[in-house]
$ cat start-v4.pdb   # PDB, C-alpha atoms
MODEL        1
ATOM      1  CA  MET A  14       0.000   0.000   0.000
ATOM      2  CA  SER A  15       1.367   3.415  -0.977
ATOM      3  CA  SER A  16       1.963   6.036   1.693
ATOM      4  CA  GLU A  17       1.077   8.736  -0.820
ATOM      5  CA  LYS A  18      -2.305  10.378  -0.415
ATOM      6  CA  LYS A  19      -4.092  11.579  -3.531
ATOM      7  CA  MET A  20      -6.128  14.738  -3.209
ATOM      8  CA  LYS A  21      -8.391  16.231  -5.830
ATOM      9  CA  VAL A  22      -8.254  20.034  -5.672
ATOM     10  CA  ILE A  23     -10.744  22.044  -7.710
ATOM     11  CA  PHE A  24     -10.185  25.683  -8.643
ATOM     12  CA  LEU A  25     -13.215  27.991  -8.785
ATOM     13  CA  GLY A  26     -13.705  31.715  -9.345
ATOM     14  CA  GLU A  27     -14.668  34.280 -11.922
ATOM     15  CA  SER A  28     -12.964  34.407 -15.320
ATOM     16  CA  ASN A  29      -9.526  36.035 -15.425
ATOM     17  CA  VAL A  30      -8.718  35.767 -11.707
ATOM     18  CA  GLY A  31      -5.686  33.590 -12.457
ATOM     19  CA  LYS A  32      -6.902  30.052 -11.709
ATOM     20  CA  SER A  33      -5.116  28.537 -14.706
ATOM     21  CA  SER A  34      -2.015  30.618 -13.983
ATOM     22  CA  LEU A  35      -1.946  29.343 -10.399
ATOM     23  CA  ILE A  36      -2.229  25.764 -11.650
ATOM     24  CA  ARG A  37       0.534  26.342 -14.216
ATOM     25  CA  ARG A  38       2.754  27.844 -11.498
ATOM     26  CA  LEU A  39       2.087  24.861  -9.219
ATOM     27  CA  GLY A  40       2.556  22.264 -11.943
ATOM     28  CA  GLU A  41       5.377  23.722 -14.020
ATOM     29  CA  ASP A  42       6.719  26.557 -11.831
ATOM     30  CA  LYS A  43       6.158  28.901 -14.771
ATOM     31  CA  PHE A  44       4.308  32.118 -15.452
ATOM     32  CA  ASP A  45       3.968  33.719 -18.844
ATOM     33  CA  ALA A  46       1.649  36.666 -19.352
ATOM     34  CA  ASP A  47       1.304  35.656 -23.003
ATOM     35  CA  TYR A  48       0.621  31.963 -22.331
ATOM     36  CA  ASP A  49      -1.952  30.536 -24.759
ATOM     37  CA  PHE A  50      -4.713  29.384 -22.429
ATOM     38  CA  GLU A  51      -7.013  28.763 -25.394
ATOM     39  CA  ASN A  52      -4.627  26.078 -26.638
ATOM     40  CA  ARG A  53      -4.362  24.626 -23.113
ATOM     41  CA  ARG A  54      -8.143  24.213 -23.037
ATOM     42  CA  SER A  55      -7.892  21.583 -25.721
ATOM     43  CA  ARG A  56      -6.056  19.343 -23.222
ATOM     44  CA  LYS A  57      -7.536  17.598 -20.228
ATOM     45  CA  GLY A  58      -7.858  20.208 -17.446
ATOM     46  CA  ILE A  59      -6.024  18.182 -14.777
ATOM     47  CA  THR A  60      -2.495  18.803 -13.556
ATOM     48  CA  GLU A  61      -0.838  16.369 -11.152
ATOM     49  CA  VAL A  62       1.702  17.630  -8.584
ATOM     50  CA  THR A  63       3.485  15.677  -5.819
ATOM     51  CA  VAL A  64       4.479  17.556  -2.656
ATOM     52  CA  SER A  65       5.741  16.004   0.588
ATOM     53  CA  GLY A  66       4.314  12.570  -0.163
ATOM     54  CA  SER A  67       0.910  13.865  -1.241
ATOM     55  CA  ILE A  68      -0.305  13.751  -4.819
ATOM     56  CA  PHE A  69      -2.484  16.704  -5.779
ATOM     57  CA  ARG A  70      -4.723  16.462  -8.824
ATOM     58  CA  LEU A  71      -5.467  20.092  -9.715
ATOM     59  CA  TRP A  72      -8.674  20.496 -11.700
ATOM     60  CA  ASP A  73      -9.064  23.603 -13.850
ATOM     61  CA  THR A  74     -12.430  24.879 -15.066
ATOM     62  CA  GLN A  75     -10.837  25.658 -18.449
ATOM     63  CA  GLY A  76     -13.136  28.614 -19.009
ATOM     64  CA  GLU A  77     -16.340  26.655 -18.381
ATOM     65  CA  GLU A  78     -17.151  28.941 -15.439
ATOM     66  CA  GLN A  79     -18.202  31.559 -18.003
ATOM     67  CA  PHE A  80     -21.146  29.359 -18.923
ATOM     68  CA  GLN A  81     -21.904  28.106 -15.393
ATOM     69  CA  SER A  82     -21.849  24.603 -16.824
ATOM     70  CA  LEU A  83     -19.479  22.690 -14.579
ATOM     71  CA  PRO A  84     -20.525  19.030 -14.569
ATOM     72  CA  PRO A  85     -20.944  16.980 -11.362
ATOM     73  CA  LYS A  86     -17.745  15.051 -12.195
ATOM     74  CA  PHE A  87     -15.782  18.282 -11.693
ATOM     75  CA  PHE A  88     -16.852  18.300  -8.022
ATOM     76  CA  LYS A  89     -16.898  14.522  -7.478
ATOM     77  CA  ASN A  90     -14.520  13.351  -4.722
ATOM     78  CA  ALA A  91     -12.904  16.766  -4.278
ATOM     79  CA  SER A  92     -10.826  17.032  -1.107
ATOM     80  CA  ALA A  93     -10.201  20.766  -1.405
ATOM     81  CA  CYS A  94     -11.286  23.838  -3.304
ATOM     82  CA  VAL A  95      -9.223  26.894  -4.153
ATOM     83  CA  LEU A  96     -11.745  29.706  -4.459
ATOM     84  CA  ALA A  97      -9.772  32.444  -6.225
ATOM     85  CA  TYR A  98     -10.378  36.129  -6.764
ATOM     86  CA  ASP A  99      -8.251  38.950  -8.166
ATOM     87  CA  VAL A 100      -7.204  41.448  -5.450
ATOM     88  CA  SER A 101      -7.281  44.230  -8.053
ATOM     89  CA  SER A 102     -10.937  43.557  -8.963
ATOM     90  CA  LYS A 103     -13.868  44.192  -6.617
ATOM     91  CA  THR A 104     -16.133  42.464  -9.136
ATOM     92  CA  SER A 105     -14.165  39.234  -8.887
ATOM     93  CA  PHE A 106     -14.486  39.237  -5.095
ATOM     94  CA  ASN A 107     -18.230  39.882  -5.394
ATOM     95  CA  GLY A 108     -18.421  36.658  -7.428
ATOM     96  CA  VAL A 109     -16.888  34.659  -4.570
ATOM     97  CA  LYS A 110     -20.252  34.435  -2.785
ATOM     98  CA  ALA A 111     -21.947  32.806  -5.790
ATOM     99  CA  TRP A 112     -19.067  30.334  -6.174
ATOM    100  CA  ARG A 113     -19.273  29.545  -2.457
ATOM    101  CA  GLU A 114     -22.989  28.814  -2.837
ATOM    102  CA  GLU A 115     -22.276  26.623  -5.891
ATOM    103  CA  LEU A 116     -19.722  24.734  -3.840
ATOM    104  CA  GLU A 117     -22.256  24.150  -1.058
ATOM    105  CA  ARG A 118     -24.878  22.941  -3.569
ATOM    106  CA  ARG A 119     -22.392  20.491  -5.038
ATOM    107  CA  ALA A 120     -20.992  19.264  -1.678
ATOM    108  CA  VAL A 121     -22.917  16.015  -2.072
ATOM    109  CA  TYR A 122     -20.441  15.016  -4.797
ATOM    110  CA  MET A 123     -17.396  15.726  -2.660
ATOM    111  CA  LYS A 124     -15.334  13.322  -0.646
ATOM    112  CA  ASP A 125     -17.273  12.557   2.554
ATOM    113  CA  GLY A 126     -19.493  15.576   1.827
ATOM    114  CA  SER A 127     -16.771  17.913   3.065
ATOM    115  CA  VAL A 128     -14.016  19.973   1.524
ATOM    116  CA  THR A 129     -11.199  22.254   2.684
ATOM    117  CA  VAL A 130     -11.702  25.700   1.153
ATOM    118  CA  ILE A 131      -8.812  28.073   0.490
ATOM    119  CA  LEU A 132      -9.793  31.633  -0.407
ATOM    120  CA  ALA A 133      -6.902  32.645  -2.683
ATOM    121  CA  ALA A 134      -6.422  36.410  -2.857
ATOM    122  CA  ASN A 135      -4.599  36.089  -6.168
ATOM    123  CA  LYS A 136      -2.565  38.646  -8.107
ATOM    124  CA  SER A 137      -1.184  39.972  -4.823
ATOM    125  CA  ASP A 138       1.562  41.613  -6.884
ATOM    126  CA  LEU A 139      -1.025  44.161  -8.120
ATOM    127  CA  GLN A 140      -2.618  47.188  -6.443
ATOM    128  CA  VAL A 141      -5.218  45.931  -3.947
ATOM    129  CA  GLN A 142      -8.728  47.216  -4.703
ATOM    130  CA  VAL A 143     -10.683  44.924  -2.365
ATOM    131  CA  ASP A 144     -11.010  45.793   1.337
ATOM    132  CA  GLU A 145      -8.691  43.314   3.055
ATOM    133  CA  ASN A 146     -10.513  43.477   6.403
ATOM    134  CA  MET A 147     -13.788  42.613   4.673
ATOM    135  CA  VAL A 148     -12.082  39.668   2.948
ATOM    136  CA  LYS A 149     -10.611  38.413   6.237
ATOM    137  CA  GLN A 150     -14.014  38.620   7.913
ATOM    138  CA  TYR A 151     -15.695  36.836   4.995
ATOM    139  CA  ALA A 152     -13.135  34.022   5.202
ATOM    140  CA  LEU A 153     -13.618  33.688   8.969
ATOM    141  CA  ASP A 154     -17.414  33.773   8.710
ATOM    142  CA  ASN A 155     -17.387  31.050   6.056
ATOM    143  CA  GLY A 156     -14.758  28.704   7.469
ATOM    144  CA  MET A 157     -12.223  29.387   4.730
ATOM    145  CA  ILE A 158      -8.462  29.648   4.940
ATOM    146  CA  LEU A 159      -7.341  32.948   3.410
ATOM    147  CA  LEU A 160      -4.045  32.994   1.555
ATOM    148  CA  LYS A 161      -2.558  35.808  -0.554
ATOM    149  CA  THR A 162      -1.048  34.392  -3.734
ATOM    150  CA  SER A 163       0.583  35.543  -6.937
ATOM    151  CA  ALA A 164       0.988  33.173  -9.858
ATOM    152  CA  LYS A 165       3.205  35.815 -11.483
ATOM    153  CA  THR A 166       5.782  36.038  -8.672
ATOM    154  CA  GLY A 167       5.130  32.589  -7.196
ATOM    155  CA  SER A 168       4.323  34.140  -3.807
ATOM    156  CA  ASN A 169       2.655  31.572  -1.504
ATOM    157  CA  CYS A 170       2.029  29.117  -4.342
ATOM    158  CA  SER A 171       3.894  26.254  -2.669
ATOM    159  CA  THR A 172       2.314  27.278   0.647
ATOM    160  CA  LEU A 173      -1.075  26.771  -0.995
ATOM    161  CA  LEU A 174      -0.589  23.012  -1.407
ATOM    162  CA  ASP A 175       1.103  22.625   1.987
ATOM    163  CA  THR A 176      -1.862  24.400   3.596
ATOM    164  CA  ILE A 177      -4.326  22.123   1.806
ATOM    165  CA  ALA A 178      -2.419  19.005   2.918
ATOM    166  CA  ARG A 179      -2.300  20.159   6.563
ATOM    167  CA  ALA A 180      -5.939  21.238   6.628
ATOM    168  CA  SER A 181      -7.099  18.030   4.959
ATOM    169  CA  ARG A 182      -5.267  15.896   7.512
ATOM    170  CA  LYS A 183      -6.665  17.971  10.366
ATOM    171  CA  ASN A 184     -10.231  18.148   9.058
ATOM    172  CA  ARG A 185     -10.769  14.620   7.703
ATOM    173  CA  HIS A 186     -13.739  14.018   9.959
ATOM    174  CA  LYS A 187     -15.610  17.256   9.325
ATOM    175  CA  LYS A 188     -18.770  16.821   7.277
ATOM    176  CA  SER A 189     -19.556  20.360   6.146
ATOM    177  CA  VAL A 190     -18.030  22.907   3.791
ATOM    178  CA  THR A 191     -18.914  25.533   6.385
ATOM    179  CA  SER A 192     -16.723  24.037   9.110
ATOM    180  CA  LYS A 193     -15.364  26.600  11.559
ATOM    181  CA  PRO A 194     -13.101  28.043  12.855
ATOM    182  CA  ALA A 195     -10.962  29.117   9.922
ATOM    183  CA  LYS A 196      -7.480  30.491   9.823
ATOM    184  CA  VAL A 197      -6.434  33.660   8.093
ATOM    185  CA  GLN A 198      -2.923  33.540   6.706
ATOM    186  CA  SER A 199      -1.375  36.687   5.343
ATOM    187  CA  SER A 200       2.045  37.477   4.104
TER
ENDMDL
END

$ encode --input "start-v4.pdb" --output "structure tokens"
Amino acid sequence: MSSEKKMKVIFLGESNVGKSSLIRRLGEDKFDADYDFENRRSRKGITEVTVSGSIFRLWDTQGEEQFQSLPPKFFKNASACVLAYDVSSKTSFNGVKAWREELERRAVYMKDGSVTVILAANKSDLQVQVDENMVKQYALDNGMILLKTSAKTGSNCSTLLDTIARASRKNRHKKSVTSKPAKVQSS
């Protein structure tokens, strides 16, 4: 029996918040502002990464979020969700609530009916336009772990998977996506 634990991690959020860029940074340790995401969409939207004995299968929406047509298989057996927004866009943070509700509706498909949720304040290399105190409170109120990330600079990208692994080990027996208390991590 392998000591490696496989975890399915789904990435949700509005278009253009950097979900695919985060996955590319995690999987290939690359960022390219001119990367052809349209071409990437023709491939299977799963990237596999191994960190500290855990295998993470990172599932990308591949632009399907624009049509709100994510199939149940996208959510099936998910261990964690990275709910991303762009710190330079208030609109993208406003969309977080709808994605959170979608996640709760789809929880039945998830592993044990529970999931670790990371609220990724992405593009932290840009000018912040979203009230950080409001974001922290939202994360606390909704049992999410807040983490500032930047796919461009790589800031906190490796921490993202480490945080998921730790939280998943700690929360294996929780049965709700709204489990509390949450942690707020800032850097």

$ resolve_selection --input "start-v4.pdb" --expression "the PyMOL selection byres ((chain A and resi 27-33) around 10)" --output "number ranges by chain"
A: 23-26, 34-39, 50, 53-54, 58, 71-79, 95-102, 104-109, 111-112, 133-136, 162-165

$ resolve_selection --input "start-v4.pdb" --expression "the PyMOL selection byres ((chain A and resi 94) around 9)" --output "list in words"
Lys21, Val22, Ile23, Phe24, Leu25, Ala91, Ser92, Ala93, Val95, Leu96, Leu116, Val128, Thr129, Val130, Ile131, Leu132 and Ile177 of chain A

$ closest_residue --input "start-v4.pdb" --among "A:Ser181, A:Leu173, A:Lys103, A:Arg113" --to "Val141 (chain A)" --atoms "all atoms listed in the file"
A:Lys103

$ atom_distance --input "start-v4.pdb" --atom1 "CA of Leu174 (chain A)" --atom2 "CA of Leu160 (chain A)"
11.0 Å

$ atom_distance --input "start-v4.pdb" --atom1 "CA of Ala180 (chain A)" --atom2 "CA of Thr166 (chain A)"
24.3 Å

$ closest_residue --input "start-v4.pdb" --among "A:Ser171, A:Met20, A:Phe69, A:Phe88" --to "Glu117 (chain A)" --atoms "only C-alpha atoms"
A:Phe88

$ closest_residue --input "start-v4.pdb" --among "A:Lys110, A:Gly66, A:Asp42, A:Phe87" --to "Tyr151 (chain A)" --atoms "all atoms listed in the file"
A:Lys110

$ closest_residue --input "start-v4.pdb" --among "A:Met147, A:Lys18, A:Asp138, A:Ala46" --to "Asn169 (chain A)" --atoms "all atoms listed in the file"
A:Asp138

$ closest_residue --input "start-v4.pdb" --among "A:Pro85, A:Lys19, A:Ser67, A:Glu61" --to "Asp175 (chain A)" --atoms "all atoms listed in the file"
A:Ser67

$ atom_distance --input "start-v4.pdb" --atom1 "CA of Lys43 (chain A)" --atom2 "CA of Cys170 (chain A)"
11.2 Å

$ closest_residue --input "start-v4.pdb" --among "A:Ser82, A:Glu145, A:Asn155, A:Val64" --to "Arg179 (chain A)" --atoms "all atoms listed in the file"
A:Val64

$ axis_aligned_box --input "start-v4.pdb" --around "region 112-115 of chain A" --padding-each-side "8 Å" --output "JSON"
{"center_x": -21.0, "center_y": 28.5, "center_z": -4.3, "size_x": 19.9, "size_y": 19.7, "size_z": 19.7}
